[in-house]
Each structure stands twice: as C-alpha cells, then as structure tokens.
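Okay, structure first, notes after.
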There are 6 protein chains.
Amino acid sequence: MDINLLNKLLSSFLREDIGRGDLTSESIFKPDDSGTAHLVARQSFIAAGAEMVAGRVFIIQNSRITVSAAAADGERIEPGDRLLTVSGPVIDLLKAERVALNLLQRLSGIATLTSTFVERVKNYPVLICDTRKTTPGLRMLEKYAVVAGGGRNHRFNLTDGVLIKDNHIAACESIKKAVQRVRNHIPHTIRIEVETDTLAQVQECLESGVDIIMLDNMSPEMMAEAVEIIGGRAIIEASGGITIDTVEAVAKTGVDIISIGALTHSAPACDIGMDWTIS
Amino acid sequence: MDINLLNKLLSSFLREDIGRGDLTSESIFKPDDSGTAHLVARQSFIAAGAEMVAGRVFIIQNSRITVSAAAADGERIEPGDRLLTVSGPVIDLLKAERVALNLLQRLSGIATLTSTFVERVKNYPVLICDTRKTTPGLRMLEKYAVVAGGGRNHRFNLTDGVLIKDNHIAACESIKKAVQRVRNHIPHTIRIEVETDTLAQVQECLESGVDIIMLDNMSPEMMAEAVEIIGGRAIIEASGGITIDTVEAVAKTGVDIISIGALTHSAPACDIGMDWTIS
Amino acid sequence: MDINLLNKLLSSFLREDIGRGDLTSESIFKPDDSGTAHLVARQSFIAAGAEMVAGRVFIIQNSRITVSAAAADGERIEPGDRLLTVSGPVIDLLKAERVALNLLQRLSGIATLTSTFVERVKNYPVLICDTRKTTPGLRMLEKYAVVAGGGRNHRFNLTDGVLIKDNHIAACESIKKAVQRVRNHIPHTIRIEVETDTLAQVQECLESGVDIIMLDNMSPEMMAEAVEIIGGRAIIEASGGITIDTVEAVAKTGVDIISIGALTHSAPACDIGMDWTIS
Amino acid sequence: MDINLLNKLLSSFLREDIGRGDLTSESIFKPDDSGTAHLVARQSFIAAGAEMVAGRVFIIQNSRITVSAAAADGERIEPGDRLLTVSGPVIDLLKAERVALNLLQRLSGIATLTSTFVERVKNYPVLICDTRKTTPGLRMLEKYAVVAGGGRNHRFNLTDGVLIKDNHIAACESIKKAVQRVRNHIPHTIRIEVETDTLAQVQECLESGVDIIMLDNMSPEMMAEAVEIIGGRAIIEASGGITIDTVEAVAKTGVDIISIGALTHSAPACDIGMDWTIS
Amino acid sequence: MDINLLNKLLSSFLREDIGRGDLTSESIFKPDDSGTAHLVARQSFIAAGAEMVAGRVFIIQNSRITVSAAAADGERIEPGDRLLTVSGPVIDLLKAERVALNLLQRLSGIATLTSTFVERVKNYPVLICDTRKTTPGLRMLEKYAVVAGGGRNHRFNLTDGVLIKDNHIAACESIKKAVQRVRNHIPHTIRIEVETDTLAQVQECLESGVDIIMLDNMSPEMMAEAVEIIGGRAIIEASGGITIDTVEAVAKTGVDIISIGALTHSAPACDIGMDWTIS
Amino acid sequence: MDINLLNKLLSSFLREDIGRGDLTSESIFKPDDSGTAHLVARQSFIAAGAEMVAGRVFIIQNSRITVSAAAADGERIEPGDRLLTVSGPVIDLLKAERVALNLLQRLSGIATLTSTFVERVKNYPVLICDTRKTTPGLRMLEKYAVVAGGGRNHRFNLTDGVLIKDNHIAACESIKKAVQRVRNHIPHTIRIEVETDTLAQVQECLESGVDIIMLDNMSPEMMAEAVEIIGGRAIIEASGGITIDTVEAVAKTGVDIISIGALTHSAPACDIGMDWTIS
C-alpha cells in the first residue's frame, strides 16, 4: 500500500467529516491547547490499521500530532487494551477522532471476521480470500484488513485480473473460445480464471488451459469431484455463499482458495472508544 | 442531495472498481453489443437508492444506458422482486454492475435496519436518527438510506452542528461557560446541543439555554426523570448503545429523538443479484 | 476554519497568479537569494487575515519562508503600520506577494466595513451579520473577515441552514405547510428561518413555530411592531438594503440580528503595500 | 475564454454555495416542478457576463435549464431591464440563483467602472487597462468584465508577461543588465516591460531596448516629459493611483496605456435581483 | 481502455495546450464559424488512435464537433491518406488540432515501430511486448498503440504484475526465498516473473515454481540453452537491448515473448498534418 | 518553473507507475531497509533535469530520500558518469526508479538533440527554438530540457502567444485585417507573429506592423530575400522541416530564430541505468 496514495484517501475522509472546521471545538479550545488520548478497545477482536490507518489520520490532520504504542496488525486485542496513543493539539485530535475510529472499527471488524474463517480451516492447505464486494471507496483499506486477519487478496479491480463468467461464455459459445479471445488481449503476467457451475465446464476449462477454475455455488461433494478431475492442473477457487458453518466442509474438498464476500460486505464494526488523559 | 455532487462521488467509485478497463469483457464483447439486465432481490428488505444511486452508476458509466422500473426508496421488497432494469452496451453494464450492487446492497441494508427501529417505536412520538458513525466516504449516501428507511439525519459534519461533549465542558469548567463560548462563535441558524451524563448536567443545560440536550448512556429510568425535569424546554436526544431490544423502553421515556450509530456502522448488506435477459 | 482546507484554497490562488513560474524574477534572482519584506498599511483600517491568510500564502509558496510580527485580526491599523514581516527566498517572496496583498486588502476591507456597522450599533443588543452575497470562491475567507471585524456569520451555504422565502411559501400555499414540510426533512440541529414581508406573515410564523423570523425590507416602524408581536418567541433578523445611515434606526427596533450583504459584496479594498528591507 | 475551463470554475462556485444540496428547496419542491425567472436590474449599469457567465451557471447546475434573452456584454442597462431569462426545474433555478447573481453583480460592477474610465478618455488615443489586483480565483472572469466595459487586459499572470520592478533592477545594479538577463530567458513572443520612477530610468530603458516603459506614480507633467523623451520608441504605460478625477490629465500626456487596479479591486457590485414568473 | 478515464486524460492535455483560450483564433473567428478539416498522412506508417484518441480530443473540446472516416487501428497508411475528418466550430477545431496531432503522430509512431518488429518475427511463435519504459503520463495510450501495431502488453505498473530483479534476490539470498516471500503476499491471479542473468538462475527459477522467466541480456546461444533447460515449464521472456537487427535471432531461440523498451521510448513521431476544406 | 506545480506533475507520474504499491518490493523489503543507488550514463549525452526533475521524483516519493551529486543541466556526460546519487528507503528508491529514469532519459535526449543544433549554428547570431510539438502532459519539462540544451522557448500555449496562420488570414481576407483584429483583443505585453509563405505576405506583414514574421517552409534563398526585405523591422523566425543538415544554411540567411519541432517530438531517449551500492 503506497503511503502517498493512502494519504490522499484519508485526507478526503477528513474533509467529509470536518467540513470547514469544528464549530464546537474551535469555539472552545485555543490552537495551542494540547492533550493525549488513547484508542481503547471495548470488546475482543483482531486489530487492523491502528498505526497505518488510524495513526496516519491524526498525522494528516496535523503533522505535529505524535502517534505511539500502536497495536500490530493481526494482534489479538482484549477489552480495555489500548490500540494507539496520540498526543498533540486538542482541536486536531478531536477533528481526527471520528474518522480514525470509524476506520479502525471497520477494518478491525474485517480482520476479526477474516481470522475466524482462517482459524476454522487452519488444518487445511487452503487460503481464505476476499472478493470485489467491498465498500465503494474503501477497497484498498478493506483488502489490507483482510490480510491483517490472515486472509489473502483476490484481484483488486477489473484491470488486474481476469474472471470469465457465464455472460462471457455465452457470448463466445464456448469456454474455449472465450479463453482464447481473452488470452489474445491480456498481459502474460495475468492468470485467466473461469467461473464454472458444472463438472462439464470444469473439464472444458482444463482443455482450454485455464489457470484458475472457480467452482461457483457447488455442493462440497461436487467440489470434491471437481478437485479430483482437475488433479493439480489448475488453481481451484471455491466461491458462493460459503459461511463460517460451511467453510470447513469446503476446505476438506481440497480446493486451494475459498473466496468469501462477507469478509468485507458484512463484517460488524468493532467497538472502540477514545479516552483522554487529563493533562 | 445534489446530483452534480453525487455524480462526482459515484464516478470515483467506478474508477476504483474498473481501473483502466475491464480486461475480460473488453476482450470478449464488442463496443456495440447490447443487453438488458435486472437487479433482483434474493431476500426481503427495504429498498434504498435503486434509481438515485444504483441507476445513476450505470448512467455515469455510459449515458446511453437506460434505466427503468426502479423500486421506490422505502419500498418493501420480496425475494425475486426486480429493483431496477438497465439496458445498453454490455461492456458498460458489466463495468458498472459491481459498484451498483455494492452500493444498493449496503444502502438497502441501512434502510432495512432503520425501518426495523422505526417500526418498533411507531406508537411513540419519537424520531430515529443516525450519527457520524458512517463509513468514511459514504456519509451522504448512508444518511440518504437512513431517510429512505424512515429515519432522520443528525448533523452531517463538524461544521453544520454543535455538540458540546465532556472534553469541551472540562476545558471551560462549566456547561454554562462552554455554551456561552460556542454561542459567541456560531451562526444563529444552528442549535446548540450538549451531551449529559447526569441529571445535574441536564439542569445546568436548562439554565444555560441549551437547545438540544443529549442524554448519553442513561438508563430508561434516569431518562424519564430527565424528560420530566426538562419539561419541554429543550429538544431531548437519547444516545448510547441503544439496540432493537431496548429502543422501545427508551421511546417510552418521552425523549424526542433516539440516535443510533449501528444504523450505519453495522447494518448487514442485503443480498441482491444481477440477472440478464437473453437477447 | 480548517487549516488543511485553507491550504488547498490558497494554493489554488497561487497557481492562478504564478502560472508556471515568474518569468521576470526567475530570470534575475538565484534560488538562494534571500530577503525580508514587510506588508505595510497605506491607510487606516481594521486588519483581517494578516497571519492566518496572508502569512500562510507565503508559507505555502515556500515552507522555508518565515512569518513574524503579524497584526492581530480586528486590530486597528494606522498608515505606516506593519501588518506582517516575511523572510526567505526572494523569488518566492515575489511570487506570493500579489496573492497575499490581494487577499489582505480585501479581507481587511470587509473587516473595516463590518466594524463600522458594529460600532454604529454598539449600544444596542444586536448582532451585525453577513449574507450569502459573498465573492464566489472566497466565502470562507470573507466570512472569516466579517468575524474579525466584530460581526457574525449567517448560514454558510444552502445545506447548513434553512431560509423559507416567498417562492417556497407560494408553492406550499401557507407558511405553516412550508415549515411543516421542511421540518420533516431537516436535521433537528438546524433552525428554521422564514422571510416575511408583512405582519400577517410574522403572525403566521409564530403560529408555525418558526425559530427565526426575517423581517425583509420593512420600515423601522413596521419592524418595531413586528418585534412587539413576536415578544421573544423567535429570533428576529432584519434584512434588506440596510445602510450605515439606517442601521441605528433598525437596531433601535429591538431586532436581534441585522444582516447586511454589502459587508462582503461592496467593501472597498484597503491600501497595503510590500516594502523591502535592503539586505 | 475557454468554455471547458469556465465550466470547471463555475462548477466549483456552485459547490461552495450549494454544499450537499438545498435543504429548504429540496424539502418543498418536487424534482419535476418547473418555472421561469428573470435576472432584473435594480439600477443603471453596463452588463458583463449575462449569458457567458450567469447563464452558464444555470446550465451547469442542470443542463435542462434553458437560457434566453441575455443582455449583451457592454450593453447599457436601465433599472427594470431583464438581463437574462431562465426556465427549468425550480430546485435547480434556486440552487444556481445566488452564484449567478453574485457573479453578474460583480462583473457588471467592474464593466461599469471600466466604462466610466473609458468614457472619460474617449477623445484620446489611449487604452484603459487592468492589473493583477484582481480577486483571487476570479482573475479570468474579472479580466473578461474589463473587456466588456471597453477596457483592455494587461498580462494574466507572472508567466505570460514580464515586468521588471525596482527589486529586480537593484539586484542587477542596472536596468540594462536586468533587461539583458531577462531577455536571455524568455520566449521571443513576450515583450519586456520596465517600471520607472525617474526620467533617468526612462532614458536607461530606451538604451536597453525595453519594449514597454511603465511610468509609475509620476505627475502628469513628468509623464508628458517622459512621453517626449521616448518619442515613440516604446509603448508607454501610466500606472499608480490614477483615479476617475485624474485619468484625463494622464491621457493628455500622450501615454498609450493607463492601468488601473481599482477596476477590479474596488468596483462596487451592481444591484440585480431575480424575479419569478408565476406559472 | 475505459472511455471515462480516457476523457479525463485527454482533457488535461487540452488544458495544457490551450491555457485559458486561443488568443489568436478567438480574436478572429466567431463562435459560430464552422469548418471541416482532415488529418492527412505526409508519410507511410501504421495508424493508431485516429478515432479513439485523436477523434475524441476534438469531441472533448466541443461535443458539437463530428468525427468521421477514421483510419482503423493497425491500418497501413500511405502519404496523402486521410486519417480522420472533423467538422464543427472552427475555434474548437483549431484549439484541439495540436493535441490531436501530437498524440496521433506519437501513437502511430509506436504502432509503426512495433509492427516492424512483429513483421520481422512473423514466422516464429513469439510475441513482441512493451515495457514500463513509456512516457510518463502516457502509459495507457502508448500501450494501446503497441497493441494497434500488433504487439502485446507487459504489466501496466508495479501493482498488477511481479518482477523479481537482482536487488530483490540479493535481499533474500536466493531466488527460492524471494519467490516464496512474494507468493505469500500477492493475489493468486498474478503470475510471478523473475529476471535471470545465468543458466544457474534459470534452473533455480524452475525449482522455485516461477511462472515467467526473463532472460536478461543473454546471447541468443545462451537463450537457446535456457529454452531447452526450461522445457515448457515456464513462460520465457527475452529482454535487454534487442533491436530490429537482432530480434529474429532471438525469436529463433524459441522464447515466448520478446520485450522491447524502444517500442515506446524511442519511436519517432509520424508526420501528419491537418488540411482544411474551404467551406 | 514553479516547484509546487512541478511537484504535482511528478506526483501524478509516480501514481501512474506505482499504482497502489509495488507488489514485488513491498513483499521483499521492510519499510526500514535502506540503500544507495546511482543514476549512471551508458552513453554520451547532454544532461537535463538530473536534480530538478529526477532528484525531485525520489524526494516526492519519500521525503527521507537524500539526493546528491547531481549533474548540472547542460553538462556533457560520458558513459559511466554518475548523474545523481540517491539514498534512503529501498522500497521507495525502487518505486521512484522507473519514473526518474524515464524522465531523465527523455529530457537528456531532448537536451542532447538541441545542443547538436545549437552547436551547428554557433557562429551565427541565431537562436534555436522549440515548438508546440511536445509530448502531451510534458510540455513544461520538455521546454525546460530545450533550454538545458542551449535552446530557447517559443510560446507555451495558445494563451501566451499569438501566431496568425493561413486559416486566420483567409477568414479576414488580409493579413492587415487579421493583425488588426488580434491587436484589438490581446494584452499589449504579447507580440504578434504571422506565418508567411510568400514574399508578398512578408511585405504585407511589414505594412501591418507585425512583430515577428515566420518564414514557413521557404528555401534558404527565399529566406535570404525575406531577411533583406524585412531589414530589421521585425523579428524573423524560420520554421518548417529544418534538419541538422539544413540548419546551417538557414542560419546563414540571417534569420533571428530557427524553430524545430523535432527537438521535442523526435529526440531519442538517452541510455541511463540505476546502479546500486552494496550496503
């Protein structure tokens, strides 16, 4: 994650929340009033972005704010634990507080949900992976949180990965032709993935030299059969409605990757507050 | 919600998801290939943003796409219902699909959660209201969804509302002084709200001519007492950890407004898909 | 006023005046040539923005420029007084000079005009207030200057305040209905203001629970009558063509606020120059 | 003036005034409510920007607004005259109203002041010209208004013209050396102008092959002497504190150009209102 | 290539060349003067971007300009051939002319050079490919031109492809460890490429499961040996100083891809002019 | 060249090449790993932009990178010479490497080609000058490189210079009328240039008081004749297909300026690499 790009993104979030200034705090505090505050957990969870994201929000708001004692990405946090300590001008600490908390709560929520899935399949050689079902505008940060939770990233956008779906196949009349058409246009650095619903399609993928075969919404039994058919000739990704209750059964089938949209679209925010040290 | 501002925002979301183009679809379809697709519900929920947000995403991607049959904001949707029909160049329908779905799922999720709260207190003269605990970058859209679900909006950012909290009071030594300092700086068009933890603070607010008194994390009993003390001399807002299980008890106390962070930070996404009409 | 937002604004003004560089100064001076200059008053006026705006222009152009001895906002300045001293690379002092002067002259002009009005009504419990008749692109700075001159700010834009005017009333058929419709849509943190031309409208406002009643283009006599009718039940704002000659008569009527468009749209610029210290 | 650049500028002004929307009008009107309004003069003046600027503001806000009957730039307007008629969605007419008026009032004010100067010297072969003392962010529009009023433009910024001032001369020890240094760096398409305070400097300019000689703050007598010395060998620009009372005396001296900062920094806004046609 | 992104890019190029307007043409032509012009070849070459890039430049400048008769990408052009016909307002045709020509000349130059290489190796199953040695700001367009000339694209930037070079290997002490570290961080959709200088490194790549092996600056003999060693177990890319004189010898070795920086960094511009039809 | 503007430009180039980060280097190096590298010439050439452009690219990427030992603009470089030394975090050195090299190679290429032309005519009082045939997006940098190579700049864009061409003349029916129309619109700080094809047109230019006469595509003999006719009454610019082989013959004719599009549109990139110091 490039810092200059991150700075720009966080800066836009501060603009949204601050507007032209903080009517309340700018009325009450002087520019030189300073203080110290801590971002403190109100529940158990896995941390993501304490220093890299929340800390940076404060620094962008005012480069005189110092950030310390940040929880590491992926660290298990218990209620009462401090995730970050920030010191500097009170007005700017207050201006940055809400954005920092909103992000940290959301990213830690994603890391926590991801780690639950990862933990559940830890005895299998399988990776838990995100999708493009991220919050618009937050993809880079949400995918960062998935990694913090022990997961892995799928393609970032429509330009840096290929996924041939039913519409594409229908338009070409066969997987083979679709793959061929795509292969003639894309950089050789990018693998071709095809979404399949049937074992016949899986077979067709193998004959077309597909790099990654997505088994979409198949039952574990059908997946196991597909894994056997593929026999190591392609990377296998399981996808479609997989939950914490079904993930282990999917892992058992021998797939390489399990992608889960819920990691980013439905992770509940963690409860984190900001406590002040009286100075 | 101003359309020009909305266009700019949605446009940035498309950039994030599309990157420089859709490697897969641009390899397979011709610029002139056209089709029709429907955004279809896979579960029950309250719609938000079908035309205003999801529809607009398609139009921004390509102004030749036509949008029709949009579900109204606040409309109850059942599984299989169509929320929107879009027709036009296939490449652009595919490019806009993910952003449109991600937004519609999230906004409908917020509207649905909001309406659950609204429904629960429908027999009381109380408003359900959002907070600043929104997703960074999405505040305007998420607050739009709260309204679609029957809720109301609190201040948008730190510039268009005043909320005097404990830090502010501590710095001034009294609510009275804090209120006075703020009143001397802000436009007369904006009300002053103060966060209180005790009945003594509630009393001090009344003596300071506060416009809105927030009862923060109080028990329903204490809230009821506060309502009686205030006796109509200020708008009363209940806040702090109120859930669907406790909201009715809070409403019963006679407060005017109940603000709930979960409306925006923890609403699960609704399940919505995009189905194609074979043409 | 948020510094990060201010920096961005001032930066765009520098771009406008500098273009791709200063053909003259870059031909003549070396990047390391340094000097000291003073912004000096050529007439009497009230200062606004010497440090916060003019000083910052220099720092944005080159962070190695140091700024000192800035005149306080609201300070009375006499001819020959120094408003600011800047030291650093000559090329950048020259590049920032014109923007800094243009802003300081304009903002001090607004503060000076505002203070004239404020002074004229100092014996009355009334506030002098600006309007939306500001220079496009400069609203934040011009409203800052009004405060520096002892005035107060009205709403910043169409989103953070409500003003129901004749068109709105006509569309709803009555003030009451218009107020009701607005109240159902806006945050509870924002007061509702209605523009009135007649005493009957004033009466209707009171019955509709309007928070702020604007008396538009009324004679002082009519205003006095309106004040009596209102009897403290709403904030009263006088508006419409009020000049330095009529402002005291308006203040005498007992209104709370007098809003004056001329503060920002017709304040003449103050005469300020930049003098160099030979080094 | 390039339309695409203008659109971008006007769009930013709309953002400033509208914020996220018009709380009042969006509560009251439906998106389809339409109407017609006229920008009407409340005083006499010279028009500038009715179609090109004010009209465009409306179109940018909503391309469905139609603009007609625009007053020509430079046209003399009397009280009650219509400067522009706009028809379309009421919400957008109201959203664009304030920005359109603020600009039209300011630009017409500049055109009017300019035309007063131009009129005063109409019997002399001299041009009235603006300076860089424009409102930050509005230079392009204000210079447009100067032309509408019959004036001419000086350089736009530090990149597209050269003006060698006392600091530059001091750094080079002589006008000759300063001119030489500049000539070695700039495009041959740009003339070199030098600011002079004495006749000796005027003489030195001639010997250095200067293209434009600025006579700064000289008395009319001294200017006349300078004009004689120059004898047509350079363009002559008079500058420095020239007012409507002194401009004719300056014109009489035979200078080619008279530049006046007040055209843009101190022109009072014209009084223009927006009247609605009941539909 | 996404049109919305392209529009934004071309728009910035127009800004650069037009500035605030065309002093010459706006002085001479009326906004309604219209005309027709043709982009005409003055030499032989392969066309790239006539409609998609040059045509679009005109449309962005003024949407009333019509574009017709565009040369197809990859089409062989002879002197005198028309590449594009544009009709519309003369001022805007003139404003867009230079940018359209500069781009078309450059992109056609790249396509032409690429096709020369492609032609030279047409009897071998090898692809000619670009690099990251593109003109800053033009990468998307230059890579588009490579494809128009019959070539293929390498990764677009540092995010959508992996290339492990000597520094990376040195830091990890072995190719194996470097590959492992990278594989643990990247999406499974992206292939891993390693740059090799020796056959021992090639061997190590094979043992590390590298997807693409770059043979950097090797002699054709050494390349042939590497191809044999690899035996189809990885994609093979030849790179480093390959010229039109040496490319066939490289192709003969059996590599899959030949990447050539000169395609984009040293292709001479084609000579194309704009001729007007007298109307 | 203004540094703030330059920073913004270079920053956009880094975004293009880096995307969201460097997948390879961020996988392998730690944020604190640091190193030193040198930009080293692989051939002979004239340097341009080593410190001002390439050095700044590194600093923008990470302000902790230090830059030293930069080759001066216009300095003759031999194979093996170091043009710049950079030290700091390895990840950021690698991220900035490609952009810095691409720019330095291109700018040095332009400086080198320019100096070849300058050298060829060094015994004549003539200036070698660029055109608007620059790479879109790079004009400011490419014109900087022309100066580094000993050349001079023509107008930057359509706003800061005037060039009356055949279309303009045709529309006005005569050079005289075209010049008059332009003179009535433009600032007096800008010279008027007219493109001529015949000696009759040259004569007409003189009668119209044109400041600069461009002799377009004339033979040296015709140019010599034109120079004689003009007799010092205008600046003379030769233009149109002048090559290194013909430039001396053109210089001999006595023209003041020779403008050459090839300086920027066809200069081959110089070969420069980045070598690391093992630390």
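Residues are named by chain letter and number: chains run A, B, ... in the order of the structure tokens, numbers start at 1 in each chain, and ligands are numbered from 1 in the order shown.
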
| request: List every residue of region 106-266 of chain B that DSSP, applied to the backbone of this structure, places in helix (DSSP H, G or I), and write the result as an MDAnalysis selection string. | output: chainID B and resid 106:120 139:148 166:172 175:183 199:207 220:230 247:252 262:265

Compile a residue-level contact table for chain F against chain C at a cut-off of 7 Å, reporting for every qualifying residue the shortest atom pair and its distance in Å to one decimal, with only C-alpha atoms counted, rows ordered by chain and ascending number, as CSV.
residue,atom,partner,partner_atom,distance
F:Met1,CA,C:Gly21,CA,4.8
F:Asp2,CA,C:Gly21,CA,4.7
F:Leu5,CA,C:Arg20,CA,6.9

| Filtered DSSP result for region 2-243 of chain D, state strand (DSSP E or B), as a ChimeraX atom specification | /D:34-41,45-46,66-68,76-77,82-89,127-129,152,162-164,190,192-196,212-216,235-239

| Length of the CA of Leu127 (chain F) to CA of Ile230 (chain D) vector [Å] | 28.9 Å

| said: List as an MDAnalysis selection string the protein and nucleic acid residues near region 242-245 of chain E, meaning an atom at most 8 Å away when only C-alpha atoms are counted, but skip any in the same chain fewer than 5 places from it. | reply: chainID E and resid 116:117 120 260

Same residues, all heavy atoms, output as a PDB file, in the first residue's frame:
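Output file result.pdb follows:
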ATOM      1  N   THR E 116       6.976  -3.200 -37.240  1.00  0.00           N
ATOM      2  CA  THR E 116       8.235  -3.582 -37.875  1.00  0.00           C
ATOM      3  C   THR E 116       8.841  -4.792 -37.172  1.00  0.00           C
ATOM      4  O   THR E 116       9.303  -5.747 -37.801  1.00  0.00           O
ATOM      5  CB  THR E 116       9.236  -2.405 -37.826  1.00  0.00           C
ATOM      6  OG1 THR E 116       8.577  -1.235 -38.252  1.00  0.00           O
ATOM      7  CG2 THR E 116      10.436  -2.682 -38.711  1.00  0.00           C
ATOM      8  N   PHE E 117       8.832  -4.740 -35.852  1.00  0.00           N
ATOM      9  CA  PHE E 117       9.346  -5.868 -35.080  1.00  0.00           C
ATOM     10  C   PHE E 117       8.468  -7.110 -35.292  1.00  0.00           C
ATOM     11  O   PHE E 117       8.954  -8.213 -35.486  1.00  0.00           O
ATOM     12  CB  PHE E 117       9.404  -5.522 -33.583  1.00  0.00           C
ATOM     13  CG  PHE E 117      10.640  -4.770 -33.179  1.00  0.00           C
ATOM     14  CD1 PHE E 117      10.663  -3.378 -33.153  1.00  0.00           C
ATOM     15  CD2 PHE E 117      11.794  -5.458 -32.819  1.00  0.00           C
ATOM     16  CE1 PHE E 117      11.809  -2.681 -32.784  1.00  0.00           C
ATOM     17  CE2 PHE E 117      12.944  -4.773 -32.430  1.00  0.00           C
ATOM     18  CZ  PHE E 117      12.954  -3.383 -32.422  1.00  0.00           C
ATOM     19  N   ARG E 120       9.058  -8.731 -38.575  1.00  0.00           N
ATOM     20  CA  ARG E 120      10.351  -9.409 -38.668  1.00  0.00           C
ATOM     21  C   ARG E 120      10.317 -10.815 -38.057  1.00  0.00           C
ATOM     22  O   ARG E 120      11.099 -11.679 -38.433  1.00  0.00           O
ATOM     23  CB  ARG E 120      11.419  -8.548 -37.953  1.00  0.00           C
ATOM     24  CG  ARG E 120      12.849  -9.008 -38.125  1.00  0.00           C
ATOM     25  CD  ARG E 120      13.320  -8.913 -39.576  1.00  0.00           C
ATOM     26  NE  ARG E 120      13.315  -7.575 -40.115  1.00  0.00           N
ATOM     27  CZ  ARG E 120      14.368  -6.750 -40.108  1.00  0.00           C
ATOM     28  NH1 ARG E 120      15.522  -7.155 -39.623  1.00  0.00           N
ATOM     29  NH2 ARG E 120      14.278  -5.533 -40.607  1.00  0.00           N
ATOM     30  N   ILE E 260      10.620  -5.132 -25.531  1.00  0.00           N
ATOM     31  CA  ILE E 260      11.486  -4.140 -26.168  1.00  0.00           C
ATOM     32  C   ILE E 260      11.114  -2.742 -25.703  1.00  0.00           C
ATOM     33  O   ILE E 260      10.062  -2.201 -26.055  1.00  0.00           O
ATOM     34  CB  ILE E 260      11.328  -4.246 -27.704  1.00  0.00           C
ATOM     35  CG1 ILE E 260      11.761  -5.646 -28.174  1.00  0.00           C
ATOM     36  CG2 ILE E 260      12.127  -3.150 -28.415  1.00  0.00           C
ATOM     37  CD1 ILE E 260      11.376  -5.977 -29.597  1.00  0.00           C
TER      38      ILE E 260
END

| said: Neighbouring residues of Leu101 (chain E) were defined as those with any atom within 10 Å, considering only C-alpha atoms; residues of the same chain fewer than 4 positions away were excluded. Please report them as a list in words. | reply: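 Those residues are Leu39, Val40, Ala50, Val53, Ala54, Val57, Ala96, Glu97, Gln105, Arg106, Leu107, Cys270, Asp271, Ile272, Gly273 and Met274 of chain E; Lys133 of chain F.
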
| field | Test item: residues at most 8 Å from Arg82 (chain C), only C-alpha atoms, excluding those fewer than 6 positions along its chain, as a PyMOL selection string | value | chain C and resi 38-41+69-71

I need the residues from that last selection saved to file as an mmCIF file, in the first residue's frame (with all heavy atoms), if you can.
data_model
loop_
_atom_site.group_PDB
_atom_site.id
_atom_site.type_symbol
_atom_site.label_atom_id
_atom_site.label_comp_id
_atom_site.auth_asym_id
_atom_site.auth_seq_id
_atom_site.Cartn_x
_atom_site.Cartn_y
_atom_site.Cartn_z
ATOM 1 N N HIS C 38 8.059 43.661 4.320
ATOM 2 C CA HIS C 38 7.003 43.970 5.280
ATOM 3 C C HIS C 38 5.748 44.358 4.520
ATOM 4 O O HIS C 38 5.815 45.129 3.564
ATOM 5 C CB HIS C 38 7.419 45.128 6.178
ATOM 6 C CG HIS C 38 8.794 44.951 6.737
ATOM 7 N ND1 HIS C 38 9.054 44.185 7.845
ATOM 8 C CD2 HIS C 38 10.006 45.416 6.308
ATOM 9 C CE1 HIS C 38 10.369 44.196 8.082
ATOM 10 N NE2 HIS C 38 10.967 44.931 7.159
ATOM 11 N N LEU C 39 4.616 43.859 4.973
ATOM 12 C CA LEU C 39 3.344 44.321 4.425
ATOM 13 C C LEU C 39 2.946 45.539 5.246
ATOM 14 O O LEU C 39 2.760 45.438 6.466
ATOM 15 C CB LEU C 39 2.278 43.215 4.504
ATOM 16 C CG LEU C 39 2.300 42.244 3.310
ATOM 17 C CD1 LEU C 39 3.641 41.579 3.141
ATOM 18 C CD2 LEU C 39 1.226 41.202 3.420
ATOM 19 N N VAL C 40 2.837 46.690 4.589
ATOM 20 C CA VAL C 40 2.707 47.959 5.300
ATOM 21 C C VAL C 40 1.419 48.678 4.881
ATOM 22 O O VAL C 40 1.096 48.750 3.694
ATOM 23 C CB VAL C 40 3.925 48.862 4.978
ATOM 24 C CG1 VAL C 40 3.828 50.184 5.737
ATOM 25 C CG2 VAL C 40 5.213 48.140 5.337
ATOM 26 N N ALA C 41 0.711 49.195 5.887
ATOM 27 C CA ALA C 41 -0.548 49.899 5.627
ATOM 28 C C ALA C 41 -0.284 51.264 5.009
ATOM 29 O O ALA C 41 0.636 51.982 5.413
ATOM 30 C CB ALA C 41 -1.318 50.068 6.932
ATOM 31 N N ALA C 69 5.597 38.939 13.358
ATOM 32 C CA ALA C 69 5.052 40.259 13.645
ATOM 33 C C ALA C 69 3.726 40.531 12.945
ATOM 34 O O ALA C 69 3.510 41.606 12.392
ATOM 35 C CB ALA C 69 6.075 41.324 13.245
ATOM 36 N N ALA C 70 2.846 39.531 12.994
ATOM 37 C CA ALA C 70 1.573 39.697 12.296
ATOM 38 C C ALA C 70 0.585 40.528 13.109
ATOM 39 O O ALA C 70 0.473 40.371 14.325
ATOM 40 C CB ALA C 70 0.971 38.326 12.020
ATOM 41 N N ALA C 71 -0.131 41.408 12.428
ATOM 42 C CA ALA C 71 -1.199 42.171 13.069
ATOM 43 C C ALA C 71 -2.321 41.208 13.443
ATOM 44 O O ALA C 71 -2.643 40.296 12.688
ATOM 45 C CB ALA C 71 -1.727 43.228 12.102
#

| query | Could you pull the residues within 12 Å of Val247 (chain C), counting only C-alpha atoms, minus those fewer than 5 positions along the same chain, as a PyMOL selection string? | reply | chain C and resi 114+116-122+124+126-129+219-220+238-242+252-255+257-260

| field | Point-to-point distance from CA of Gly231 (chain A) to CA of Leu206 (chain A), Å rounded to tenths | value |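 For CA of Gly231 (chain A) relative to CA of Leu206 (chain A), the distance reads 9.9 Å.
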